[in-house]
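start13.txt (compact mmCIF, N, CA and C atoms)
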# COMPACT_ATOMS: atom_id res chain seq x y z
N MET F 127 -2.75 7.37 -2.76
CA MET F 127 -1.75 6.84 -3.66
C MET F 127 -0.87 5.87 -2.88
N LEU F 128 -0.38 4.86 -3.58
CA LEU F 128 0.55 3.92 -2.97
C LEU F 128 1.99 4.35 -3.23
N PHE F 129 2.85 4.06 -2.25
CA PHE F 129 4.28 4.35 -2.37
C PHE F 129 5.06 3.11 -1.97
N SER F 130 6.11 2.80 -2.74
CA SER F 130 7.04 1.76 -2.33
C SER F 130 8.13 2.42 -1.49
N ILE F 131 8.46 1.78 -0.40
CA ILE F 131 9.54 2.24 0.47
C ILE F 131 10.54 1.09 0.52
N VAL F 132 11.70 1.31 -0.08
CA VAL F 132 12.73 0.28 -0.17
C VAL F 132 13.92 0.72 0.68
N CYS F 133 14.22 -0.08 1.68
CA CYS F 133 15.27 0.24 2.64
C CYS F 133 16.38 -0.79 2.54
N VAL F 134 17.62 -0.33 2.59
CA VAL F 134 18.78 -1.22 2.53
C VAL F 134 19.53 -1.09 3.86
N ASP F 135 19.73 -2.23 4.53
CA ASP F 135 20.44 -2.23 5.81
C ASP F 135 21.91 -1.90 5.62
N LYS F 136 22.49 -1.28 6.65
CA LYS F 136 23.93 -1.08 6.69
C LYS F 136 24.59 -2.46 6.84
N PRO F 137 25.80 -2.61 6.36
CA PRO F 137 26.50 -3.90 6.53
C PRO F 137 26.65 -4.25 8.01
N ASN F 138 26.63 -5.54 8.29
CA ASN F 138 26.86 -6.05 9.64
C ASN F 138 25.90 -5.46 10.67
N SER F 139 24.62 -5.35 10.31
CA SER F 139 23.65 -4.71 11.20
C SER F 139 22.53 -5.65 11.64
N VAL F 140 22.76 -6.95 11.53
CA VAL F 140 21.72 -7.92 11.90
C VAL F 140 21.31 -7.75 13.36
N GLN F 141 22.27 -7.55 14.26
CA GLN F 141 21.93 -7.42 15.67
C GLN F 141 21.11 -6.17 15.94
N LEU F 142 21.45 -5.06 15.29
CA LEU F 142 20.67 -3.83 15.43
C LEU F 142 19.24 -4.06 14.96
N ARG F 143 19.08 -4.76 13.83
CA ARG F 143 17.74 -5.07 13.32
C ARG F 143 16.96 -5.90 14.35
N MET F 144 17.57 -6.91 14.90
CA MET F 144 16.89 -7.78 15.85
C MET F 144 16.54 -7.04 17.14
N ASP F 145 17.45 -6.18 17.60
CA ASP F 145 17.21 -5.43 18.83
C ASP F 145 16.07 -4.43 18.68
N THR F 146 15.90 -3.90 17.48
CA THR F 146 14.91 -2.85 17.22
C THR F 146 13.59 -3.42 16.69
N ARG F 147 13.58 -4.68 16.33
CA ARG F 147 12.41 -5.30 15.68
C ARG F 147 11.10 -5.14 16.45
N PRO F 148 11.05 -5.35 17.76
CA PRO F 148 9.75 -5.22 18.44
C PRO F 148 9.12 -3.83 18.26
N GLU F 149 9.91 -2.78 18.37
CA GLU F 149 9.39 -1.43 18.17
C GLU F 149 8.98 -1.19 16.72
N HIS F 150 9.75 -1.74 15.79
CA HIS F 150 9.43 -1.64 14.37
C HIS F 150 8.08 -2.29 14.08
N VAL F 151 7.86 -3.48 14.60
CA VAL F 151 6.60 -4.20 14.38
C VAL F 151 5.43 -3.41 14.96
N GLU F 152 5.60 -2.80 16.12
CA GLU F 152 4.54 -1.97 16.71
C GLU F 152 4.23 -0.78 15.81
N HIS F 153 5.26 -0.18 15.22
CA HIS F 153 5.07 0.93 14.27
C HIS F 153 4.23 0.47 13.08
N LEU F 154 4.55 -0.70 12.55
CA LEU F 154 3.78 -1.23 11.42
C LEU F 154 2.34 -1.51 11.82
N LYS F 155 2.14 -2.12 12.98
CA LYS F 155 0.79 -2.41 13.45
C LYS F 155 -0.03 -1.14 13.63
N ALA F 156 0.60 -0.08 14.09
CA ALA F 156 -0.10 1.20 14.29
C ALA F 156 -0.56 1.81 12.98
N HIS F 157 0.04 1.38 11.87
CA HIS F 157 -0.31 1.91 10.54
C HIS F 157 -0.81 0.81 9.60
N ALA F 158 -1.26 -0.30 10.16
CA ALA F 158 -1.66 -1.47 9.36
C ALA F 158 -2.77 -1.14 8.38
N ASP F 159 -3.62 -0.20 8.71
CA ASP F 159 -4.72 0.16 7.82
C ASP F 159 -4.24 0.83 6.54
N ARG F 160 -2.96 1.23 6.50
CA ARG F 160 -2.41 1.92 5.33
C ARG F 160 -1.28 1.14 4.67
N LEU F 161 -1.01 -0.06 5.16
CA LEU F 161 0.06 -0.89 4.60
C LEU F 161 -0.54 -1.98 3.72
N LEU F 162 -0.16 -1.99 2.46
CA LEU F 162 -0.55 -3.07 1.57
C LEU F 162 0.30 -4.30 1.86
N LEU F 163 1.59 -4.08 2.11
CA LEU F 163 2.50 -5.17 2.48
C LEU F 163 3.74 -4.60 3.13
N ALA F 164 4.41 -5.44 3.88
CA ALA F 164 5.67 -5.06 4.51
C ALA F 164 6.44 -6.34 4.81
N GLY F 165 7.73 -6.30 4.59
CA GLY F 165 8.56 -7.46 4.91
C GLY F 165 10.01 -7.20 4.59
N PRO F 166 10.88 -8.11 5.04
CA PRO F 166 12.31 -7.93 4.82
C PRO F 166 12.76 -8.47 3.45
N ASN F 167 13.78 -7.82 2.92
CA ASN F 167 14.55 -8.42 1.83
C ASN F 167 15.51 -9.40 2.49
N LEU F 168 15.81 -10.49 1.78
CA LEU F 168 16.66 -11.53 2.36
C LEU F 168 17.96 -11.68 1.57
N ALA F 169 19.01 -12.04 2.29
CA ALA F 169 20.29 -12.36 1.67
C ALA F 169 20.15 -13.66 0.89
N GLU F 170 21.18 -14.02 0.17
CA GLU F 170 21.14 -15.23 -0.65
C GLU F 170 20.91 -16.49 0.16
N ASP F 171 21.18 -16.45 1.48
CA ASP F 171 20.94 -17.63 2.30
C ASP F 171 19.46 -17.87 2.56
N GLY F 172 18.61 -16.91 2.15
CA GLY F 172 17.17 -17.04 2.29
C GLY F 172 16.66 -16.83 3.70
N THR F 173 17.53 -16.42 4.60
CA THR F 173 17.18 -16.26 6.01
C THR F 173 17.53 -14.89 6.57
N THR F 174 18.72 -14.41 6.27
CA THR F 174 19.24 -13.18 6.86
C THR F 174 18.57 -11.95 6.23
N SER F 175 17.99 -11.11 7.07
CA SER F 175 17.36 -9.87 6.59
C SER F 175 18.43 -8.85 6.25
N ILE F 176 18.29 -8.22 5.08
CA ILE F 176 19.27 -7.23 4.62
C ILE F 176 18.60 -5.92 4.21
N GLY F 177 17.32 -5.79 4.46
CA GLY F 177 16.60 -4.58 4.09
C GLY F 177 15.12 -4.81 4.27
N SER F 178 14.33 -3.84 3.82
CA SER F 178 12.88 -3.90 3.95
C SER F 178 12.21 -3.36 2.70
N ILE F 179 11.03 -3.91 2.43
CA ILE F 179 10.15 -3.37 1.39
C ILE F 179 8.79 -3.17 2.01
N LEU F 180 8.24 -1.98 1.82
CA LEU F 180 6.90 -1.67 2.30
C LEU F 180 6.13 -1.00 1.17
N ILE F 181 4.84 -1.29 1.08
CA ILE F 181 3.96 -0.58 0.18
C ILE F 181 2.94 0.13 1.08
N PHE F 182 2.98 1.46 1.06
CA PHE F 182 2.25 2.29 2.02
C PHE F 182 1.34 3.27 1.28
N GLN F 183 0.13 3.42 1.79
CA GLN F 183 -0.82 4.36 1.21
C GLN F 183 -0.68 5.71 1.90
N ALA F 184 -0.51 6.76 1.10
CA ALA F 184 -0.38 8.12 1.62
C ALA F 184 -0.91 9.10 0.58
N GLU F 185 -1.20 10.28 1.02
CA GLU F 185 -1.66 11.31 0.10
C GLU F 185 -0.50 11.87 -0.74
N THR F 186 0.68 11.96 -0.11
CA THR F 186 1.84 12.56 -0.78
C THR F 186 3.11 11.77 -0.45
N ALA F 187 4.13 12.00 -1.25
CA ALA F 187 5.43 11.39 -0.97
C ALA F 187 5.98 11.89 0.36
N ALA F 188 5.71 13.14 0.70
CA ALA F 188 6.17 13.69 1.97
C ALA F 188 5.54 12.95 3.15
N GLU F 189 4.29 12.57 3.02
CA GLU F 189 3.61 11.80 4.06
C GLU F 189 4.21 10.40 4.18
N ALA F 190 4.52 9.78 3.05
CA ALA F 190 5.17 8.46 3.07
C ALA F 190 6.55 8.57 3.71
N LYS F 191 7.26 9.64 3.41
CA LYS F 191 8.59 9.86 4.01
C LYS F 191 8.47 10.04 5.52
N ALA F 192 7.46 10.77 5.97
CA ALA F 192 7.27 10.95 7.41
C ALA F 192 7.02 9.61 8.10
N PHE F 193 6.25 8.74 7.45
CA PHE F 193 6.02 7.39 7.98
C PHE F 193 7.35 6.63 8.07
N ALA F 194 8.14 6.67 7.00
CA ALA F 194 9.43 5.97 6.99
C ALA F 194 10.39 6.56 8.02
N ASP F 195 10.41 7.88 8.15
CA ASP F 195 11.30 8.54 9.10
C ASP F 195 10.94 8.19 10.55
N ALA F 196 9.67 7.93 10.81
CA ALA F 196 9.22 7.60 12.17
C ALA F 196 9.46 6.14 12.53
N ASP F 197 9.84 5.31 11.57
CA ASP F 197 10.09 3.89 11.82
C ASP F 197 11.27 3.75 12.79
N PRO F 198 11.12 2.96 13.83
CA PRO F 198 12.23 2.74 14.75
C PRO F 198 13.51 2.23 14.09
N TYR F 199 13.39 1.48 13.02
CA TYR F 199 14.58 1.06 12.28
C TYR F 199 15.33 2.29 11.74
N THR F 200 14.60 3.23 11.16
CA THR F 200 15.22 4.44 10.64
C THR F 200 15.85 5.24 11.77
N LYS F 201 15.10 5.41 12.85
CA LYS F 201 15.61 6.18 13.99
C LYS F 201 16.85 5.55 14.60
N ALA F 202 16.96 4.22 14.55
CA ALA F 202 18.12 3.51 15.11
C ALA F 202 19.33 3.56 14.18
N GLY F 203 19.15 4.07 12.96
CA GLY F 203 20.26 4.15 12.01
C GLY F 203 20.55 2.85 11.30
N LEU F 204 19.54 1.98 11.16
CA LEU F 204 19.74 0.68 10.52
C LEU F 204 20.04 0.79 9.04
N PHE F 205 19.45 1.76 8.37
CA PHE F 205 19.50 1.78 6.90
C PHE F 205 20.63 2.64 6.34
N VAL F 206 21.24 2.12 5.28
CA VAL F 206 22.21 2.90 4.52
C VAL F 206 21.47 3.77 3.50
N SER F 207 20.27 3.30 3.08
CA SER F 207 19.47 4.09 2.15
C SER F 207 17.99 3.74 2.29
N VAL F 208 17.16 4.74 2.00
CA VAL F 208 15.70 4.57 1.95
C VAL F 208 15.23 5.28 0.68
N THR F 209 14.56 4.54 -0.20
CA THR F 209 14.07 5.10 -1.46
C THR F 209 12.55 5.00 -1.46
N ILE F 210 11.91 6.13 -1.75
CA ILE F 210 10.44 6.18 -1.78
C ILE F 210 10.01 6.61 -3.18
N LYS F 211 9.16 5.80 -3.77
CA LYS F 211 8.65 6.06 -5.13
C LYS F 211 7.17 5.76 -5.18
N GLY F 212 6.46 6.44 -6.06
CA GLY F 212 5.06 6.10 -6.29
C GLY F 212 4.97 4.67 -6.81
N PHE F 213 3.87 4.01 -6.48
CA PHE F 213 3.69 2.59 -6.83
C PHE F 213 2.27 2.39 -7.33
N ARG F 214 2.12 1.62 -8.39
CA ARG F 214 0.80 1.28 -8.91
C ARG F 214 0.63 -0.23 -8.84
N LYS F 215 -0.36 -0.66 -8.10
CA LYS F 215 -0.68 -2.09 -8.00
C LYS F 215 -1.40 -2.49 -9.28
N VAL F 216 -0.86 -3.47 -10.00
CA VAL F 216 -1.43 -3.92 -11.26
C VAL F 216 -1.93 -5.35 -11.15
N LEU F 217 -1.16 -6.21 -10.58
CA LEU F 217 -1.52 -7.63 -10.52
C LEU F 217 -1.24 -8.14 -9.11
N VAL F 218 -2.21 -8.79 -8.54
CA VAL F 218 -2.05 -9.41 -7.21
C VAL F 218 -2.47 -10.87 -7.34
N LYS F 219 -1.62 -11.75 -6.86
CA LYS F 219 -1.92 -13.19 -6.89
C LYS F 219 -1.93 -13.71 -5.46
N PRO F 220 -3.07 -13.66 -4.80
CA PRO F 220 -3.14 -14.10 -3.41
C PRO F 220 -2.66 -15.52 -3.20
N GLU F 221 -2.77 -16.36 -4.20
CA GLU F 221 -2.35 -17.75 -4.03
C GLU F 221 -0.83 -17.89 -3.88
N LEU F 222 -0.07 -16.85 -4.15
CA LEU F 222 1.39 -16.90 -3.98
C LEU F 222 1.81 -16.53 -2.56
N GLU F 223 0.90 -16.13 -1.74
CA GLU F 223 1.25 -15.71 -0.38
C GLU F 223 1.73 -16.86 0.44

Same coordinates, now as structure tokens:
Amino acid sequence: MLFSIVCVDKPNSVQLRMDTRPEHVEHLKAHADRLLLAGPNLAEDGTTSIGSILIFQAETAAEAKAFADADPYTKAGLFVSVTIKGFRKVLVKPELE
């Protein structure tokens, strides 16, 4: 089953995000076979990261939570909230990538 993982950064945490990013990317690479997509939410300036969205394949919500909890961003305390919900892929438009 697919799960959406929506993370919201704490205010004024850009430096923490940047400092932790290399470890975060390694975490994603280690689970790339189970990630449909992953990327940051952006502020209105179109540049500043203010959160993350991931679509992750897992057997259960608890397994998706364990993946999210193991993320270096989570461990560093970057997020004010993390929401995990079941997700159903309905339409994919590769040409929008």

Would you compute the distance between atom N of F:Ala169 and atom C of F:Met127? Give it in Å to one decimal.
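According to the coordinates, atom N of F:Ala169 and atom C of F:Met127 are separated by 27.3 Å.
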
Nearest candidate to F:Ile131 (options F:Ala202, F:Leu222, F:Leu217, F:Leu180; using only N, CA and C atoms):
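Among the listed residues, F:Leu180 lies closest to F:Ile131.
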
When you draw a straight line from atom CA of F:Lys211 to atom CA of F:Phe182, how long is it in Å?
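It comes out at 10.3 Å.
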
For F:Gly177, please output as a list in words all residues within 6.5 Å (counting all atoms listed in the file; exclusion window: fewer than 6 positions along the same chain).
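Contacts, in chain order: Cys133, Val134, Asp135, Gly165, Pro166, Asn167 and Leu168 of chain F.
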
Report as a list in words all protein, DNA and RNA residues lying within 6.5 Å of F:Ile210, evaluated on all atoms listed in the file, omitting residues in the same chain fewer than 6 positions from it.
Phe129, Ser130, Ile131 and Val132 of chain F

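Separating atom N of F:Leu154 from atom CA of F:Ala194 is a distance of 10.0 Å.
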
Can you pull out every residue from chain F that DSSP, working from the backbone, puts in strand (DSSP E), and format the result as an MDAnalysis selection string?
chainID F and resid 128:135 161:168 175:183 205:213

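With only C-alpha atoms as the atoms that count, the minimum distance from F:Gln141 to the choices F:Ile176, F:Val206, F:Ala184, F:Leu161 is reached by F:Ile176.
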
Pick from F:Arg160, F:Ser175, F:Lys219, F:Ala188: nearest to F:Val140, with only C-alpha atoms counted?
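Ranked by minimum distance to F:Val140, first place goes to F:Ser175.
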
For stretch 139-186 of chain F, write N, CA and C atoms out as a PDB file, in the first residue's frame.
ATOM      1  N   SER F 139      13.779  27.245  10.353  1.00  0.00           N
ATOM      2  CA  SER F 139      14.586  26.026  10.449  1.00  0.00           C
ATOM      3  C   SER F 139      15.341  25.703   9.161  1.00  0.00           C
ATOM      4  N   VAL F 140      15.512  26.692   8.301  1.00  0.00           N
ATOM      5  CA  VAL F 140      16.183  26.450   7.022  1.00  0.00           C
ATOM      6  C   VAL F 140      17.601  25.920   7.240  1.00  0.00           C
ATOM      7  N   GLN F 141      18.335  26.495   8.196  1.00  0.00           N
ATOM      8  CA  GLN F 141      19.711  26.053   8.421  1.00  0.00           C
ATOM      9  C   GLN F 141      19.756  24.618   8.925  1.00  0.00           C
ATOM     10  N   LEU F 142      18.839  24.243   9.812  1.00  0.00           N
ATOM     11  CA  LEU F 142      18.776  22.862  10.296  1.00  0.00           C
ATOM     12  C   LEU F 142      18.506  21.916   9.132  1.00  0.00           C
ATOM     13  N   ARG F 143      17.593  22.294   8.239  1.00  0.00           N
ATOM     14  CA  ARG F 143      17.296  21.476   7.058  1.00  0.00           C
ATOM     15  C   ARG F 143      18.557  21.306   6.206  1.00  0.00           C
ATOM     16  N   MET F 144      19.258  22.375   5.947  1.00  0.00           N
ATOM     17  CA  MET F 144      20.449  22.307   5.100  1.00  0.00           C
ATOM     18  C   MET F 144      21.560  21.488   5.751  1.00  0.00           C
ATOM     19  N   ASP F 145      21.723  21.644   7.062  1.00  0.00           N
ATOM     20  CA  ASP F 145      22.763  20.907   7.780  1.00  0.00           C
ATOM     21  C   ASP F 145      22.499  19.409   7.792  1.00  0.00           C
ATOM     22  N   THR F 146      21.235  19.025   7.803  1.00  0.00           N
ATOM     23  CA  THR F 146      20.838  17.618   7.916  1.00  0.00           C
ATOM     24  C   THR F 146      20.581  16.974   6.557  1.00  0.00           C
ATOM     25  N   ARG F 147      20.524  17.768   5.510  1.00  0.00           N
ATOM     26  CA  ARG F 147      20.143  17.282   4.179  1.00  0.00           C
ATOM     27  C   ARG F 147      20.982  16.107   3.676  1.00  0.00           C
ATOM     28  N   PRO F 148      22.301  16.105   3.796  1.00  0.00           N
ATOM     29  CA  PRO F 148      23.058  14.961   3.265  1.00  0.00           C
ATOM     30  C   PRO F 148      22.627  13.616   3.876  1.00  0.00           C
ATOM     31  N   GLU F 149      22.413  13.586   5.180  1.00  0.00           N
ATOM     32  CA  GLU F 149      21.969  12.349   5.829  1.00  0.00           C
ATOM     33  C   GLU F 149      20.544  11.978   5.409  1.00  0.00           C
ATOM     34  N   HIS F 150      19.701  12.991   5.247  1.00  0.00           N
ATOM     35  CA  HIS F 150      18.326  12.768   4.786  1.00  0.00           C
ATOM     36  C   HIS F 150      18.322  12.132   3.398  1.00  0.00           C
ATOM     37  N   VAL F 151      19.129  12.667   2.493  1.00  0.00           N
ATOM     38  CA  VAL F 151      19.194  12.133   1.126  1.00  0.00           C
ATOM     39  C   VAL F 151      19.693  10.689   1.141  1.00  0.00           C
ATOM     40  N   GLU F 152      20.657  10.375   1.979  1.00  0.00           N
ATOM     41  CA  GLU F 152      21.139   8.989   2.093  1.00  0.00           C
ATOM     42  C   GLU F 152      20.029   8.066   2.586  1.00  0.00           C
ATOM     43  N   HIS F 153      19.221   8.546   3.522  1.00  0.00           N
ATOM     44  CA  HIS F 153      18.069   7.770   4.021  1.00  0.00           C
ATOM     45  C   HIS F 153      17.103   7.483   2.874  1.00  0.00           C
ATOM     46  N   LEU F 154      16.824   8.490   2.064  1.00  0.00           N
ATOM     47  CA  LEU F 154      15.921   8.292   0.927  1.00  0.00           C
ATOM     48  C   LEU F 154      16.514   7.307  -0.073  1.00  0.00           C
ATOM     49  N   LYS F 155      17.794   7.452  -0.377  1.00  0.00           N
ATOM     50  CA  LYS F 155      18.448   6.544  -1.320  1.00  0.00           C
ATOM     51  C   LYS F 155      18.405   5.103  -0.821  1.00  0.00           C
ATOM     52  N   ALA F 156      18.552   4.909   0.476  1.00  0.00           N
ATOM     53  CA  ALA F 156      18.525   3.563   1.053  1.00  0.00           C
ATOM     54  C   ALA F 156      17.158   2.906   0.916  1.00  0.00           C
ATOM     55  N   HIS F 157      16.117   3.721   0.700  1.00  0.00           N
ATOM     56  CA  HIS F 157      14.747   3.212   0.568  1.00  0.00           C
ATOM     57  C   HIS F 157      14.137   3.556  -0.795  1.00  0.00           C
ATOM     58  N   ALA F 158      14.978   3.859  -1.773  1.00  0.00           N
ATOM     59  CA  ALA F 158      14.505   4.319  -3.084  1.00  0.00           C
ATOM     60  C   ALA F 158      13.584   3.312  -3.760  1.00  0.00           C
ATOM     61  N   ASP F 159      13.777   2.038  -3.490  1.00  0.00           N
ATOM     62  CA  ASP F 159      12.932   1.020  -4.117  1.00  0.00           C
ATOM     63  C   ASP F 159      11.496   1.071  -3.619  1.00  0.00           C
ATOM     64  N   ARG F 160      11.246   1.823  -2.539  1.00  0.00           N
ATOM     65  CA  ARG F 160       9.900   1.913  -1.964  1.00  0.00           C
ATOM     66  C   ARG F 160       9.328   3.322  -2.011  1.00  0.00           C
ATOM     67  N   LEU F 161      10.052   4.249  -2.631  1.00  0.00           N
ATOM     68  CA  LEU F 161       9.596   5.632  -2.736  1.00  0.00           C
ATOM     69  C   LEU F 161       9.047   5.899  -4.129  1.00  0.00           C
ATOM     70  N   LEU F 162       7.792   6.282  -4.203  1.00  0.00           N
ATOM     71  CA  LEU F 162       7.214   6.705  -5.472  1.00  0.00           C
ATOM     72  C   LEU F 162       7.701   8.110  -5.805  1.00  0.00           C
ATOM     73  N   LEU F 163       7.767   8.976  -4.788  1.00  0.00           N
ATOM     74  CA  LEU F 163       8.285  10.326  -4.961  1.00  0.00           C
ATOM     75  C   LEU F 163       8.660  10.901  -3.616  1.00  0.00           C
ATOM     76  N   ALA F 164       9.519  11.898  -3.661  1.00  0.00           N
ATOM     77  CA  ALA F 164       9.921  12.612  -2.452  1.00  0.00           C
ATOM     78  C   ALA F 164      10.432  13.982  -2.866  1.00  0.00           C
ATOM     79  N   GLY F 165      10.084  14.988  -2.094  1.00  0.00           N
ATOM     80  CA  GLY F 165      10.579  16.324  -2.384  1.00  0.00           C
ATOM     81  C   GLY F 165      10.066  17.325  -1.372  1.00  0.00           C
ATOM     82  N   PRO F 166      10.633  18.536  -1.418  1.00  0.00           N
ATOM     83  CA  PRO F 166      10.236  19.563  -0.462  1.00  0.00           C
ATOM     84  C   PRO F 166       8.995  20.343  -0.909  1.00  0.00           C
ATOM     85  N   ASN F 167       8.229  20.775   0.077  1.00  0.00           N
ATOM     86  CA  ASN F 167       7.239  21.822  -0.159  1.00  0.00           C
ATOM     87  C   ASN F 167       8.006  23.133  -0.157  1.00  0.00           C
ATOM     88  N   LEU F 168       7.542  24.093  -0.959  1.00  0.00           N
ATOM     89  CA  LEU F 168       8.254  25.362  -1.078  1.00  0.00           C
ATOM     90  C   LEU F 168       7.399  26.524  -0.586  1.00  0.00           C
ATOM     91  N   ALA F 169       8.080  27.520  -0.039  1.00  0.00           N
ATOM     92  CA  ALA F 169       7.428  28.763   0.359  1.00  0.00           C
ATOM     93  C   ALA F 169       6.983  29.509  -0.892  1.00  0.00           C
ATOM     94  N   GLU F 170       6.274  30.591  -0.700  1.00  0.00           N
ATOM     95  CA  GLU F 170       5.757  31.362  -1.831  1.00  0.00           C
ATOM     96  C   GLU F 170       6.856  31.910  -2.730  1.00  0.00           C
ATOM     97  N   ASP F 171       8.095  32.001  -2.214  1.00  0.00           N
ATOM     98  CA  ASP F 171       9.188  32.492  -3.057  1.00  0.00           C
ATOM     99  C   ASP F 171       9.634  31.454  -4.084  1.00  0.00           C
ATOM    100  N   GLY F 172       9.093  30.226  -3.980  1.00  0.00           N
ATOM    101  CA  GLY F 172       9.406  29.169  -4.933  1.00  0.00           C
ATOM    102  C   GLY F 172      10.772  28.546  -4.751  1.00  0.00           C
ATOM    103  N   THR F 173      11.465  28.914  -3.689  1.00  0.00           N
ATOM    104  CA  THR F 173      12.828  28.443  -3.455  1.00  0.00           C
ATOM    105  C   THR F 173      13.022  27.835  -2.068  1.00  0.00           C
ATOM    106  N   THR F 174      12.511  28.491  -1.055  1.00  0.00           N
ATOM    107  CA  THR F 174      12.746  28.094   0.331  1.00  0.00           C
ATOM    108  C   THR F 174      11.922  26.861   0.697  1.00  0.00           C
ATOM    109  N   SER F 175      12.599  25.823   1.173  1.00  0.00           N
ATOM    110  CA  SER F 175      11.912  24.596   1.607  1.00  0.00           C
ATOM    111  C   SER F 175      11.244  24.833   2.949  1.00  0.00           C
ATOM    112  N   ILE F 176       9.981  24.409   3.055  1.00  0.00           N
ATOM    113  CA  ILE F 176       9.217  24.592   4.296  1.00  0.00           C
ATOM    114  C   ILE F 176       8.577  23.293   4.769  1.00  0.00           C
ATOM    115  N   GLY F 177       8.916  22.194   4.140  1.00  0.00           N
ATOM    116  CA  GLY F 177       8.351  20.905   4.517  1.00  0.00           C
ATOM    117  C   GLY F 177       8.717  19.869   3.483  1.00  0.00           C
ATOM    118  N   SER F 178       8.135  18.689   3.624  1.00  0.00           N
ATOM    119  CA  SER F 178       8.421  17.583   2.716  1.00  0.00           C
ATOM    120  C   SER F 178       7.155  16.804   2.410  1.00  0.00           C
ATOM    121  N   ILE F 179       7.123  16.236   1.210  1.00  0.00           N
ATOM    122  CA  ILE F 179       6.078  15.287   0.835  1.00  0.00           C
ATOM    123  C   ILE F 179       6.768  14.053   0.290  1.00  0.00           C
ATOM    124  N   LEU F 180       6.363  12.901   0.803  1.00  0.00           N
ATOM    125  CA  LEU F 180       6.890  11.625   0.328  1.00  0.00           C
ATOM    126  C   LEU F 180       5.718  10.691   0.091  1.00  0.00           C
ATOM    127  N   ILE F 181       5.820   9.867  -0.939  1.00  0.00           N
ATOM    128  CA  ILE F 181       4.865   8.791  -1.160  1.00  0.00           C
ATOM    129  C   ILE F 181       5.677   7.500  -1.039  1.00  0.00           C
ATOM    130  N   PHE F 182       5.347   6.709  -0.022  1.00  0.00           N
ATOM    131  CA  PHE F 182       6.154   5.560   0.394  1.00  0.00           C
ATOM    132  C   PHE F 182       5.308   4.288   0.386  1.00  0.00           C
ATOM    133  N   GLN F 183       5.881   3.216  -0.118  1.00  0.00           N
ATOM    134  CA  GLN F 183       5.194   1.933  -0.133  1.00  0.00           C
ATOM    135  C   GLN F 183       5.543   1.153   1.134  1.00  0.00           C
ATOM    136  N   ALA F 184       4.511   0.696   1.835  1.00  0.00           N
ATOM    137  CA  ALA F 184       4.694  -0.076   3.061  1.00  0.00           C
ATOM    138  C   ALA F 184       3.513  -1.020   3.229  1.00  0.00           C
ATOM    139  N   GLU F 185       3.699  -2.014   4.040  1.00  0.00           N
ATOM    140  CA  GLU F 185       2.608  -2.948   4.321  1.00  0.00           C
ATOM    141  C   GLU F 185       1.562  -2.325   5.247  1.00  0.00           C
ATOM    142  N   THR F 186       2.034  -1.496   6.190  1.00  0.00           N
ATOM    143  CA  THR F 186       1.141  -0.917   7.194  1.00  0.00           C
ATOM    144  C   THR F 186       1.514   0.539   7.458  1.00  0.00           C
TER     145      THR F 186
END
